[in-house]
$ cat my_file03.cif   # mmCIF, C-alpha atoms
data_work
loop_
_atom_site.group_PDB
_atom_site.id
_atom_site.type_symbol
_atom_site.label_atom_id
_atom_site.label_comp_id
_atom_site.auth_asym_id
_atom_site.auth_seq_id
_atom_site.Cartn_x
_atom_site.Cartn_y
_atom_site.Cartn_z
ATOM 1 C CA MET A 1 -119.262 122.296 -112.466
ATOM 2 C CA LYS A 2 -119.880 118.671 -113.417
ATOM 3 C CA ALA A 3 -117.998 117.473 -110.352
ATOM 4 C CA ASN A 4 -120.052 119.729 -108.083
ATOM 5 C CA LEU A 5 -123.282 118.447 -109.664
ATOM 6 C CA MET A 6 -122.222 114.839 -109.110
ATOM 7 C CA LEU A 7 -121.423 115.639 -105.480
ATOM 8 C CA LEU A 8 -124.845 117.198 -104.914
ATOM 9 C CA LEU A 9 -126.607 114.265 -106.535
ATOM 10 C CA SER A 10 -124.693 111.794 -104.402
ATOM 11 C CA ALA A 11 -125.226 113.702 -101.136
ATOM 12 C CA PRO A 12 -128.541 112.005 -100.181
ATOM 13 C CA PHE A 13 -126.944 108.615 -100.716
ATOM 14 C CA LEU A 14 -123.978 109.595 -98.557
ATOM 15 C CA VAL A 15 -126.297 110.746 -95.764
ATOM 16 C CA ALA A 16 -128.304 107.516 -95.993
ATOM 17 C CA ALA A 17 -125.150 105.442 -95.931
ATOM 18 C CA THR A 18 -123.812 107.347 -92.944
ATOM 19 C CA SER A 19 -127.118 106.861 -91.062
ATOM 20 C CA ALA A 20 -127.052 103.152 -91.830
ATOM 21 C CA VAL A 21 -123.536 102.828 -90.483
ATOM 22 C CA GLN A 22 -124.482 104.726 -87.324
ATOM 23 C CA ALA A 23 -127.513 102.492 -86.768
ATOM 24 C CA GLN A 24 -125.420 99.351 -87.271
ATOM 25 C CA ASP A 25 -122.863 100.662 -84.787
ATOM 26 C CA TYR A 26 -125.410 101.226 -81.987
ATOM 27 C CA PRO A 27 -124.495 101.304 -79.218
ATOM 28 C CA THR A 28 -121.207 103.192 -79.412
ATOM 29 C CA LYS A 29 -121.172 104.512 -75.835
ATOM 30 C CA ASN A 30 -122.461 103.762 -72.355
ATOM 31 C CA ILE A 31 -126.191 103.396 -71.776
ATOM 32 C CA GLN A 32 -127.987 104.556 -68.651
ATOM 33 C CA ILE A 33 -131.071 103.063 -67.035
ATOM 34 C CA ILE A 34 -133.025 105.535 -64.907
ATOM 35 C CA VAL A 35 -134.763 104.012 -61.874
ATOM 36 C CA PRO A 36 -137.334 106.336 -60.247
ATOM 37 C CA TYR A 37 -136.809 104.823 -56.795
ATOM 38 C CA SER A 38 -134.088 104.702 -54.171
ATOM 39 C CA ALA A 39 -131.305 102.129 -54.268
ATOM 40 C CA GLY A 40 -131.990 98.742 -52.735
ATOM 41 C CA GLY A 41 -135.676 98.382 -53.585
ATOM 42 C CA GLY A 42 -137.287 95.923 -55.949
ATOM 43 C CA GLY A 43 -137.182 98.156 -59.024
ATOM 44 C CA ASP A 44 -133.560 99.049 -58.398
ATOM 45 C CA THR A 45 -132.654 95.376 -57.904
ATOM 46 C CA VAL A 46 -134.306 94.349 -61.175
ATOM 47 C CA ALA A 47 -132.601 97.170 -63.068
ATOM 48 C CA ARG A 48 -129.146 96.210 -61.810
ATOM 49 C CA ILE A 49 -129.613 92.507 -62.556
ATOM 50 C CA VAL A 50 -130.766 93.279 -66.102
ATOM 51 C CA ALA A 51 -128.137 95.989 -66.659
ATOM 52 C CA ASP A 52 -125.271 93.565 -66.070
ATOM 53 C CA ARG A 53 -126.494 91.070 -68.660
ATOM 54 C CA LEU A 54 -127.693 93.677 -71.157
ATOM 55 C CA GLY A 55 -124.302 95.390 -71.060
ATOM 56 C CA GLU A 56 -122.555 92.106 -71.806
ATOM 57 C CA GLU A 57 -124.903 91.401 -74.717
ATOM 58 C CA LEU A 58 -124.558 94.874 -76.257
ATOM 59 C CA GLY A 59 -120.844 95.226 -75.609
ATOM 60 C CA GLN A 60 -121.250 98.513 -73.724
ATOM 61 C CA GLN A 61 -121.514 99.403 -70.067
ATOM 62 C CA VAL A 62 -125.074 99.896 -68.813
ATOM 63 C CA ASN A 63 -125.253 102.140 -65.737
ATOM 64 C CA VAL A 64 -128.162 102.397 -63.305
ATOM 65 C CA VAL A 65 -129.038 105.901 -62.092
ATOM 66 C CA ASN A 66 -131.513 106.453 -59.242
ATOM 67 C CA ARG A 67 -133.877 109.425 -59.532
ATOM 68 C CA GLU A 68 -136.233 108.854 -56.614
ATOM 69 C CA GLY A 69 -138.927 111.204 -55.375
ATOM 70 C CA ALA A 70 -142.656 111.981 -55.507
ATOM 71 C CA GLY A 71 -143.687 108.341 -55.563
ATOM 72 C CA GLY A 72 -141.701 107.689 -58.732
ATOM 73 C CA GLU A 73 -143.017 110.687 -60.658
ATOM 74 C CA ILE A 74 -139.691 112.561 -60.828
ATOM 75 C CA GLY A 75 -137.755 109.703 -62.378
ATOM 76 C CA ILE A 76 -140.544 108.542 -64.665
ATOM 77 C CA ASP A 77 -140.904 112.091 -65.961
ATOM 78 C CA GLU A 78 -137.153 112.259 -66.648
ATOM 79 C CA ILE A 79 -137.317 109.031 -68.647
ATOM 80 C CA ALA A 80 -140.185 110.415 -70.736
ATOM 81 C CA ARG A 81 -138.313 113.673 -71.443
ATOM 82 C CA SER A 82 -135.049 111.983 -72.441
ATOM 83 C CA GLU A 83 -133.898 111.744 -76.029
ATOM 84 C CA ALA A 84 -135.216 108.657 -77.799
ATOM 85 C CA ASP A 85 -131.832 107.491 -79.038
ATOM 86 C CA GLY A 86 -131.414 104.238 -77.128
ATOM 87 C CA TYR A 87 -128.874 105.636 -74.673
ATOM 88 C CA THR A 88 -131.388 106.464 -71.948
ATOM 89 C CA LEU A 89 -133.722 103.694 -70.818
ATOM 90 C CA GLY A 90 -135.815 103.251 -67.712
ATOM 91 C CA VAL A 91 -136.986 100.550 -65.341
ATOM 92 C CA PHE A 92 -140.016 101.165 -63.169
ATOM 93 C CA GLY A 93 -142.807 99.189 -61.604
ATOM 94 C CA TYR A 94 -145.944 99.204 -63.705
ATOM 95 C CA PRO A 95 -148.617 100.401 -62.947
ATOM 96 C CA ASP A 96 -146.925 103.290 -61.113
ATOM 97 C CA ASN A 97 -146.862 105.363 -64.293
ATOM 98 C CA PHE A 98 -150.491 104.603 -65.122
ATOM 99 C CA VAL A 99 -151.746 105.384 -61.617
ATOM 100 C CA LEU A 100 -149.719 108.594 -61.415
ATOM 101 C CA GLU A 101 -151.007 109.738 -64.807
ATOM 102 C CA HIS A 102 -154.618 109.393 -63.696
ATOM 103 C CA THR A 103 -154.263 110.741 -60.172
ATOM 104 C CA ARG A 104 -151.843 113.655 -60.653
ATOM 105 C CA ASP A 105 -151.153 116.380 -63.184
ATOM 106 C CA THR A 106 -148.189 114.609 -64.798
ATOM 107 C CA ASN A 107 -146.292 115.618 -67.918
ATOM 108 C CA PHE A 108 -146.245 112.015 -69.130
ATOM 109 C CA THR A 109 -148.916 109.549 -70.212
ATOM 110 C CA PHE A 110 -148.932 105.784 -70.690
ATOM 111 C CA ASP A 111 -148.045 106.384 -74.351
ATOM 112 C CA SER A 112 -144.936 108.423 -73.482
ATOM 113 C CA PHE A 113 -142.952 105.186 -73.353
ATOM 114 C CA ASP A 114 -141.909 102.348 -75.616
ATOM 115 C CA TYR A 115 -142.375 99.179 -73.544
ATOM 116 C CA LEU A 116 -139.559 96.810 -74.498
ATOM 117 C CA ALA A 117 -139.843 94.000 -71.933
ATOM 118 C CA ALA A 118 -141.046 92.978 -68.475
ATOM 119 C CA PHE A 119 -139.095 90.809 -66.069
ATOM 120 C CA ASP A 120 -141.221 89.861 -63.085
ATOM 121 C CA ASP A 121 -144.740 89.413 -61.809
ATOM 122 C CA MET A 122 -144.973 90.321 -58.153
ATOM 123 C CA PRO A 123 -148.448 90.239 -56.612
ATOM 124 C CA MET A 124 -149.531 92.673 -53.948
ATOM 125 C CA GLY A 125 -150.475 91.300 -50.552
ATOM 126 C CA VAL A 126 -151.880 92.230 -47.173
ATOM 127 C CA PHE A 127 -149.898 91.477 -44.028
ATOM 128 C CA SER A 128 -150.955 91.877 -40.408
ATOM 129 C CA SER A 129 -148.693 93.118 -37.612
ATOM 130 C CA PRO A 130 -146.941 90.814 -35.122
ATOM 131 C CA SER A 131 -149.397 91.794 -32.391
ATOM 132 C CA SER A 132 -152.474 91.225 -34.568
ATOM 133 C CA GLN A 133 -154.869 88.399 -33.727
ATOM 134 C CA HIS A 134 -155.887 88.110 -37.386
ATOM 135 C CA SER A 135 -154.182 85.462 -39.482
ATOM 136 C CA SER A 136 -156.833 84.811 -42.140
ATOM 137 C CA LEU A 137 -158.972 86.910 -44.448
ATOM 138 C CA GLU A 138 -162.178 85.616 -42.855
ATOM 139 C CA GLU A 139 -161.122 86.755 -39.363
ATOM 140 C CA LEU A 140 -159.919 90.084 -40.692
ATOM 141 C CA VAL A 141 -163.062 90.886 -42.656
ATOM 142 C CA SER A 142 -165.319 89.854 -39.800
ATOM 143 C CA TYR A 143 -163.552 92.217 -37.422
ATOM 144 C CA GLY A 144 -163.289 95.002 -39.978
ATOM 145 C CA GLN A 145 -166.996 94.961 -40.751
ATOM 146 C CA GLU A 146 -167.874 95.077 -37.051
ATOM 147 C CA HIS A 147 -165.421 97.927 -36.384
ATOM 148 C CA PRO A 148 -165.666 100.272 -39.407
ATOM 149 C CA GLY A 149 -162.703 102.593 -39.826
ATOM 150 C CA GLU A 150 -160.875 101.236 -36.788
ATOM 151 C CA MET A 151 -158.218 99.201 -38.561
ATOM 152 C CA ILE A 152 -155.281 101.088 -40.067
ATOM 153 C CA ILE A 153 -153.578 99.849 -43.230
ATOM 154 C CA GLY A 154 -150.227 101.304 -44.222
ATOM 155 C CA GLU A 155 -149.106 101.679 -47.816
ATOM 156 C CA SER A 156 -146.403 103.310 -49.896
ATOM 157 C CA GLY A 157 -146.349 104.190 -53.560
ATOM 158 C CA ALA A 158 -149.130 104.586 -56.089
ATOM 159 C CA LEU A 159 -149.964 100.889 -56.296
ATOM 160 C CA GLY A 160 -149.830 100.380 -52.527
ATOM 161 C CA LEU A 161 -152.683 102.828 -51.973
ATOM 162 C CA LEU A 162 -154.696 101.556 -54.930
ATOM 163 C CA HIS A 163 -154.413 97.995 -53.663
ATOM 164 C CA ALA A 164 -155.398 99.005 -50.118
ATOM 165 C CA LEU A 165 -158.497 100.804 -51.398
ATOM 166 C CA ALA A 166 -159.498 97.939 -53.693
ATOM 167 C CA PHE A 167 -158.969 95.445 -50.853
ATOM 168 C CA ALA A 168 -161.252 97.431 -48.538
ATOM 169 C CA GLU A 169 -163.853 98.032 -51.240
ATOM 170 C CA ARG A 170 -164.131 94.420 -52.359
ATOM 171 C CA SER A 171 -164.197 93.040 -48.816
ATOM 172 C CA ASP A 172 -166.897 95.578 -47.864
ATOM 173 C CA MET A 173 -164.841 97.086 -45.051
ATOM 174 C CA GLN A 174 -164.046 100.609 -43.962
ATOM 175 C CA ILE A 175 -160.361 100.782 -43.090
ATOM 176 C CA THR A 176 -158.113 103.799 -42.669
ATOM 177 C CA PRO A 177 -155.119 104.066 -45.040
ATOM 178 C CA ILE A 178 -151.890 105.799 -44.010
ATOM 179 C CA ARG A 179 -149.204 106.641 -46.567
ATOM 180 C CA TYR A 180 -145.498 106.107 -45.906
ATOM 181 C CA SER A 181 -142.695 107.533 -47.985
ATOM 182 C CA GLY A 182 -141.120 104.168 -48.735
ATOM 183 C CA GLY A 183 -141.179 100.445 -48.118
ATOM 184 C CA GLY A 184 -138.659 100.630 -45.265
ATOM 185 C CA GLU A 185 -140.743 103.125 -43.308
ATOM 186 C CA LEU A 186 -143.874 101.051 -43.951
ATOM 187 C CA MET A 187 -142.124 97.910 -42.735
ATOM 188 C CA ASN A 188 -140.972 99.591 -39.526
ATOM 189 C CA ALA A 189 -144.497 100.805 -38.818
ATOM 190 C CA LEU A 190 -145.992 97.339 -39.278
ATOM 191 C CA LEU A 191 -143.354 95.433 -37.339
ATOM 192 C CA GLY A 192 -143.425 98.072 -34.599
ATOM 193 C CA ASN A 193 -147.185 97.465 -34.260
ATOM 194 C CA HIS A 194 -147.989 101.091 -35.121
ATOM 195 C CA ILE A 195 -150.446 99.955 -37.810
ATOM 196 C CA ASP A 196 -152.668 96.894 -38.116
ATOM 197 C CA LEU A 197 -152.039 95.981 -41.739
ATOM 198 C CA ALA A 198 -149.674 96.669 -44.607
ATOM 199 C CA SER A 199 -150.441 96.753 -48.314
ATOM 200 C CA THR A 200 -147.176 95.764 -49.960
ATOM 201 C CA SER A 201 -145.721 93.368 -52.495
ATOM 202 C CA SER A 202 -144.802 89.722 -51.996
ATOM 203 C CA MET A 203 -141.159 90.824 -51.799
ATOM 204 C CA SER A 204 -141.883 91.894 -48.207
ATOM 205 C CA HIS A 205 -142.909 88.379 -47.161
ATOM 206 C CA ASP A 206 -139.678 87.145 -45.595
ATOM 207 C CA PRO A 207 -138.764 90.151 -43.423
ATOM 208 C CA ILE A 208 -142.361 90.432 -42.179
ATOM 209 C CA VAL A 209 -142.770 86.730 -41.391
ATOM 210 C CA ASP A 210 -139.301 86.555 -39.823
ATOM 211 C CA SER A 211 -140.493 89.234 -37.379
ATOM 212 C CA ASN A 212 -143.755 87.359 -36.618
ATOM 213 C CA GLY A 213 -145.980 89.352 -38.953
ATOM 214 C CA LYS A 214 -148.641 87.334 -40.758
ATOM 215 C CA PRO A 215 -149.461 87.121 -44.470
ATOM 216 C CA ILE A 216 -153.229 87.352 -44.977
ATOM 217 C CA GLY A 217 -153.125 86.665 -48.702
ATOM 218 C CA PHE A 218 -151.763 87.592 -52.106
ATOM 219 C CA ALA A 219 -153.681 89.290 -54.921
ATOM 220 C CA SER A 220 -152.625 86.689 -57.481
ATOM 221 C CA GLU A 221 -154.395 84.219 -59.746
ATOM 222 C CA GLU A 222 -152.580 81.243 -58.221
ATOM 223 C CA ARG A 223 -150.408 80.527 -55.201
ATOM 224 C CA MET A 224 -146.815 81.561 -55.654
ATOM 225 C CA GLU A 225 -144.289 78.757 -55.967
ATOM 226 C CA MET A 226 -141.969 80.858 -53.827
ATOM 227 C CA PHE A 227 -144.517 81.080 -50.983
ATOM 228 C CA PRO A 228 -146.794 78.022 -51.356
ATOM 229 C CA ASP A 229 -148.289 78.344 -47.858
ATOM 230 C CA VAL A 230 -149.782 81.783 -48.498
ATOM 231 C CA PRO A 231 -153.312 81.582 -49.953
ATOM 232 C CA THR A 232 -154.566 83.869 -52.673
ATOM 233 C CA PHE A 233 -157.436 86.247 -52.002
ATOM 234 C CA LYS A 234 -159.386 84.443 -54.703
ATOM 235 C CA GLU A 235 -159.307 81.100 -52.934
ATOM 236 C CA GLN A 236 -160.489 82.884 -49.802
ATOM 237 C CA GLY A 237 -163.501 84.275 -51.658
ATOM 238 C CA LEU A 238 -162.210 87.755 -52.558
ATOM 239 C CA ASP A 239 -161.910 88.534 -56.269
ATOM 240 C CA LEU A 240 -158.799 90.706 -56.275
ATOM 241 C CA VAL A 241 -155.789 90.305 -58.566
ATOM 242 C CA MET A 242 -153.256 93.128 -58.577
ATOM 243 C CA GLY A 243 -149.494 93.268 -58.767
ATOM 244 C CA VAL A 244 -146.403 95.057 -59.934
ATOM 245 C CA SER A 245 -144.336 94.201 -62.977
ATOM 246 C CA ARG A 246 -140.978 95.858 -63.576
ATOM 247 C CA VAL A 247 -140.804 97.013 -67.159
ATOM 248 C CA LEU A 248 -137.850 98.190 -69.205
ATOM 249 C CA VAL A 249 -138.829 101.151 -71.341
ATOM 250 C CA ALA A 250 -137.416 103.784 -73.655
ATOM 251 C CA PRO A 251 -138.811 107.237 -74.382
ATOM 252 C CA GLU A 252 -141.429 107.005 -77.129
ATOM 253 C CA GLY A 253 -139.989 107.443 -80.617
ATOM 254 C CA LEU A 254 -137.021 105.056 -80.773
ATOM 255 C CA PRO A 255 -135.615 104.571 -84.283
ATOM 256 C CA ASP A 256 -136.721 101.189 -85.609
ATOM 257 C CA ASP A 257 -133.194 99.828 -85.996
ATOM 258 C CA VAL A 258 -132.156 100.880 -82.495
ATOM 259 C CA ARG A 259 -135.328 99.380 -81.085
ATOM 260 C CA LYS A 260 -134.670 96.097 -82.878
ATOM 261 C CA THR A 261 -131.143 95.954 -81.463
ATOM 262 C CA LEU A 262 -132.474 96.431 -77.932
ATOM 263 C CA VAL A 263 -135.353 93.975 -78.320
ATOM 264 C CA ASP A 264 -133.066 91.318 -79.800
ATOM 265 C CA ALA A 265 -130.591 91.790 -76.950
ATOM 266 C CA LEU A 266 -133.335 91.547 -74.308
ATOM 267 C CA ASN A 267 -134.734 88.394 -75.886
ATOM 268 C CA ALA A 268 -131.242 86.920 -75.990
ATOM 269 C CA ILE A 269 -130.592 87.454 -72.270
ATOM 270 C CA SER A 270 -134.102 86.400 -71.197
ATOM 271 C CA THR A 271 -133.044 82.760 -70.801
ATOM 272 C CA ASN A 272 -129.699 83.474 -69.137
ATOM 273 C CA GLU A 273 -129.547 81.036 -66.225
ATOM 274 C CA GLU A 274 -127.303 83.222 -64.083
ATOM 275 C CA MET A 275 -129.638 86.192 -64.476
ATOM 276 C CA ILE A 276 -132.680 84.105 -63.600
ATOM 277 C CA ALA A 277 -130.852 82.756 -60.535
ATOM 278 C CA ASN A 278 -130.158 86.355 -59.456
ATOM 279 C CA PHE A 279 -133.891 87.056 -59.557
ATOM 280 C CA GLU A 280 -134.616 83.972 -57.476
ATOM 281 C CA ASN A 281 -131.939 84.868 -54.934
ATOM 282 C CA ALA A 282 -133.517 88.317 -54.575
ATOM 283 C CA LYS A 283 -136.930 86.699 -53.962
ATOM 284 C CA ILE A 284 -138.286 88.301 -57.133
ATOM 285 C CA PRO A 285 -140.471 85.912 -59.186
ATOM 286 C CA TYR A 286 -139.033 85.950 -62.704
ATOM 287 C CA ARG A 287 -141.440 86.263 -65.629
ATOM 288 C CA TYR A 288 -140.191 87.523 -68.961
ATOM 289 C CA LEU A 289 -142.495 89.228 -71.443
ATOM 290 C CA ASP A 290 -141.092 90.333 -74.779
ATOM 291 C CA ASP A 291 -142.058 93.599 -76.437
ATOM 292 C CA SER A 292 -145.216 92.205 -78.014
ATOM 293 C CA ALA A 293 -146.440 90.367 -74.917
ATOM 294 C CA VAL A 294 -145.708 93.208 -72.511
ATOM 295 C CA ASN A 295 -147.722 95.712 -74.524
ATOM 296 C CA GLU A 296 -150.701 93.364 -74.752
ATOM 297 C CA THR A 297 -150.538 92.543 -71.027
ATOM 298 C CA LEU A 298 -150.298 96.167 -69.901
ATOM 299 C CA GLU A 299 -153.196 97.279 -72.083
ATOM 300 C CA LYS A 300 -155.404 94.610 -70.488
ATOM 301 C CA SER A 301 -154.258 95.641 -67.024
ATOM 302 C CA ASN A 302 -155.055 99.292 -67.738
ATOM 303 C CA SER A 303 -158.679 98.364 -68.424
ATOM 304 C CA VAL A 304 -158.891 96.593 -65.039
ATOM 305 C CA LEU A 305 -157.213 99.354 -63.039
ATOM 306 C CA MET A 306 -159.090 102.307 -64.507
ATOM 307 C CA PRO A 307 -162.450 101.587 -62.797
ATOM 308 C CA VAL A 308 -160.697 101.141 -59.429
ATOM 309 C CA ILE A 309 -158.982 104.508 -59.854
ATOM 310 C CA GLU A 310 -162.191 106.240 -60.913
ATOM 311 C CA ASN A 311 -164.176 104.778 -57.998
ATOM 312 C CA ASN A 312 -161.594 105.953 -55.447
ATOM 313 C CA LEU A 313 -160.267 109.147 -57.007
ATOM 314 C CA ASP A 314 -161.371 111.456 -54.187
ATOM 315 C CA GLN A 315 -159.718 109.295 -51.542
ATOM 316 C CA ILE A 316 -156.566 108.858 -53.644
ATOM 317 C CA ASN A 317 -156.248 112.615 -54.119
ATOM 318 C CA GLY A 318 -156.907 113.208 -50.441
ATOM 319 C CA ASN A 319 -153.851 111.236 -49.450
#
$ encode --input "my_file03.cif" --output "structure tokens"
Amino acid sequence: MKANLMLLLSAPFLVAATSAVQAQDYPTKNIQIIVPYSAGGGGDTVARIVADRLGEELGQQVNVVNREGAGGEIGIDEIARSEADGYTLGVFGYPDNFVLEHTRDTNFTFDSFDYLAAFDDMPMGVFSSPSSQHSSLEELVSYGQEHPGEMIIGESGALGLLHALAFAERSDMQITPIRYSGGGELMNALLGNHIDLASTSSMSHDPIVDSNGKPIGFASEERMEMFPDVPTFKEQGLDLVMGVSRVLVAPEGLPDDVRKTLVDALNAISTNEEMIANFENAKIPYRYLDDSAVNETLEKSNSVLMPVIENNLDQINGN
């Protein structure tokens, strides 16, 4: 009887000790990173670069799994519904999740995720087709205002449309947006002269320019070191700053000790020279934000994006 009583009394301590050991052992198996886009795109590239280094740091293999579809909604939803145990993470381009939440009937919200880090800062831009006579914002706006609705701007993804609408709104033009299922289809339409303009990220610069397309400007605070000859919209008189940042997230509710292990590992690899070189080689401007900085930055961005979404909700839903 006494032995049984001692065993019962010690049980909570045994459970606590076992939990502590399990937390210290994390991770004990492979980790997967869900990417809500097809292989080969910017989000997929970032995920694979980070996965290699994160796996080395944690001592476990980190696998990238593509779950594309519905503009990122399918994969983002799967990340949100996954168990918050540290073995399923996600990489997607913010603000895709925020835009989807406020323009569709999604099962996830901004708060469905624990934002652990961000790795790049890629501004959106507007490019004109090879056959276009417009090579500057001034020429483009002048023509667009004289020919309302005539110019066609292609876009893909939640941010592509939002940027196209904000660009038209702030330049006081009426232009016609057309949605494409992905960046490759958008690129073919622009370079084939089927559309006048494309709303896409700076990652598209080289293939567009190599095919005689023209960069009109980037929606960034300052000129990009990677593309110093491309002016910002701001310096051309248009107050528009908008871009994509690939974030690494976990489902909301990570245990504190597991979260700390992940955050420490991400901070440790953030200065890895080989990883940074991989970003540069992929033409992705590297910018690391730790868990504190990324949450602060995204909250500020949400407050900027929300009015743009609200002002264009009917047109967004109509596409």
$ closest_residue --input "my_file03.cif" --among "A:Pro36, A:Pro95, A:Gly149, A:Gly243" --to "Thr109 in chain A" --atoms "all atoms listed in the file"
A:Pro95
$ resolve_selection --input "my_file03.cif" --expression "the PyMOL selection byres ((chain A and resi 99) around 9)" --output "PyMOL selection string"
chain A and resi 94-98+100-104+158-159+162+305-306+309
$ write_last_selection --input "my_file03.cif" --atoms "C-alpha atoms" --output "mmCIF file, in the coordinates of the input"
data_model
loop_
_atom_site.group_PDB
_atom_site.id
_atom_site.type_symbol
_atom_site.label_atom_id
_atom_site.label_comp_id
_atom_site.auth_asym_id
_atom_site.auth_seq_id
_atom_site.Cartn_x
_atom_site.Cartn_y
_atom_site.Cartn_z
ATOM 1 C CA TYR A 94 -145.944 99.204 -63.705
ATOM 2 C CA PRO A 95 -148.617 100.401 -62.947
ATOM 3 C CA ASP A 96 -146.925 103.290 -61.113
ATOM 4 C CA ASN A 97 -146.862 105.363 -64.293
ATOM 5 C CA PHE A 98 -150.491 104.603 -65.122
ATOM 6 C CA LEU A 100 -149.719 108.594 -61.415
ATOM 7 C CA GLU A 101 -151.007 109.738 -64.807
ATOM 8 C CA HIS A 102 -154.618 109.393 -63.696
ATOM 9 C CA THR A 103 -154.263 110.741 -60.172
ATOM 10 C CA ARG A 104 -151.843 113.655 -60.653
ATOM 11 C CA ALA A 158 -149.130 104.586 -56.089
ATOM 12 C CA LEU A 159 -149.964 100.889 -56.296
ATOM 13 C CA LEU A 162 -154.696 101.556 -54.930
ATOM 14 C CA LEU A 305 -157.213 99.354 -63.039
ATOM 15 C CA MET A 306 -159.090 102.307 -64.507
ATOM 16 C CA ILE A 309 -158.982 104.508 -59.854
#
$ residues_around --input "my_file03.cif" --residues "Gly125 in chain A" --least-positions-apart "5" --cutoff "8 Å" --atoms "all atoms listed in the file" --output "number ranges by chain"
A: 199-202, 215-219
$ resolve_selection --input "my_file03.cif" --expression "the PyMOL selection byres ((chain A and resi 141) around 12)" --output "ChimeraX atom specification"
/A:134-140,142-148,151,167-175,216,233,236-238
$ atom_distance --input "my_file03.cif" --atom1 "CA of Leu240 in chain A" --atom2 "CA of Met224 in chain A"
15.1 Å
$ closest_residue --input "my_file03.cif" --among "A:Arg179, A:His194, A:His163, A:Arg259" --to "Ser132 in chain A" --atoms "only C-alpha atoms"
A:His194
$ atom_distance --input "my_file03.cif" --atom1 "CA of Ala268 in chain A" --atom2 "CA of Val244 in chain A"
23.5 Å
$ closest_residue --input "my_file03.cif" --among "A:Gly213, A:Pro177, A:Gly40, A:Gly86" --to "Leu254 in chain A" --atoms "only C-alpha atoms"
A:Gly86
$ resolve_selection --input "my_file03.cif" --expression "the PyMOL selection byres ((chain A and resi 269-274) around 12)" --output "number ranges by chain"
A: 49-58, 117-120, 262-268, 275-281, 286-291
$ closest_residue --input "my_file03.cif" --among "A:Met226, A:Thr176, A:Asn212, A:Pro251" --to "Leu161 in chain A" --atoms "all atoms listed in the file"
A:Thr176
$ atom_distance --input "my_file03.cif" --atom1 "CA of Gly59 in chain A" --atom2 "CA of Gly42 in chain A"
25.6 Å
$ closest_residue --input "my_file03.cif" --among "A:Asp85, A:Pro307, A:Val91, A:Gln32" --to "Val258 in chain A" --atoms "all atoms listed in the file"
A:Asp85
$ closest_residue --input "my_file03.cif" --among "A:Leu313, A:Gly72, A:Phe92, A:Phe227" --to "Ser156 in chain A" --atoms "all atoms listed in the file"
A:Gly72
$ residues_around --input "my_file03.cif" --residues "Met187 in chain A" --least-positions-apart "5" --cutoff "9 Å" --atoms "only C-alpha atoms" --output "list in words"
Gly154, Gly182, Gly192, Ala198, Ser204, Pro207 and Ile208 of chain A
$ residues_near_point --input "my_file03.cif" --point "(-139.9, 94.1, -37.5)" --cutoff "6 Å" --atoms "all atoms listed in the file" --output "list in words"
Asn188, Leu191 and Ser211 of chain A
$ residues_around --input "my_file03.cif" --residues "Val65 in chain A" --least-positions-apart "3" --cutoff "8 Å" --atoms "all atoms listed in the file" --output "list in words"
Gln32, Ile33, Ile34 and Val35 of chain A
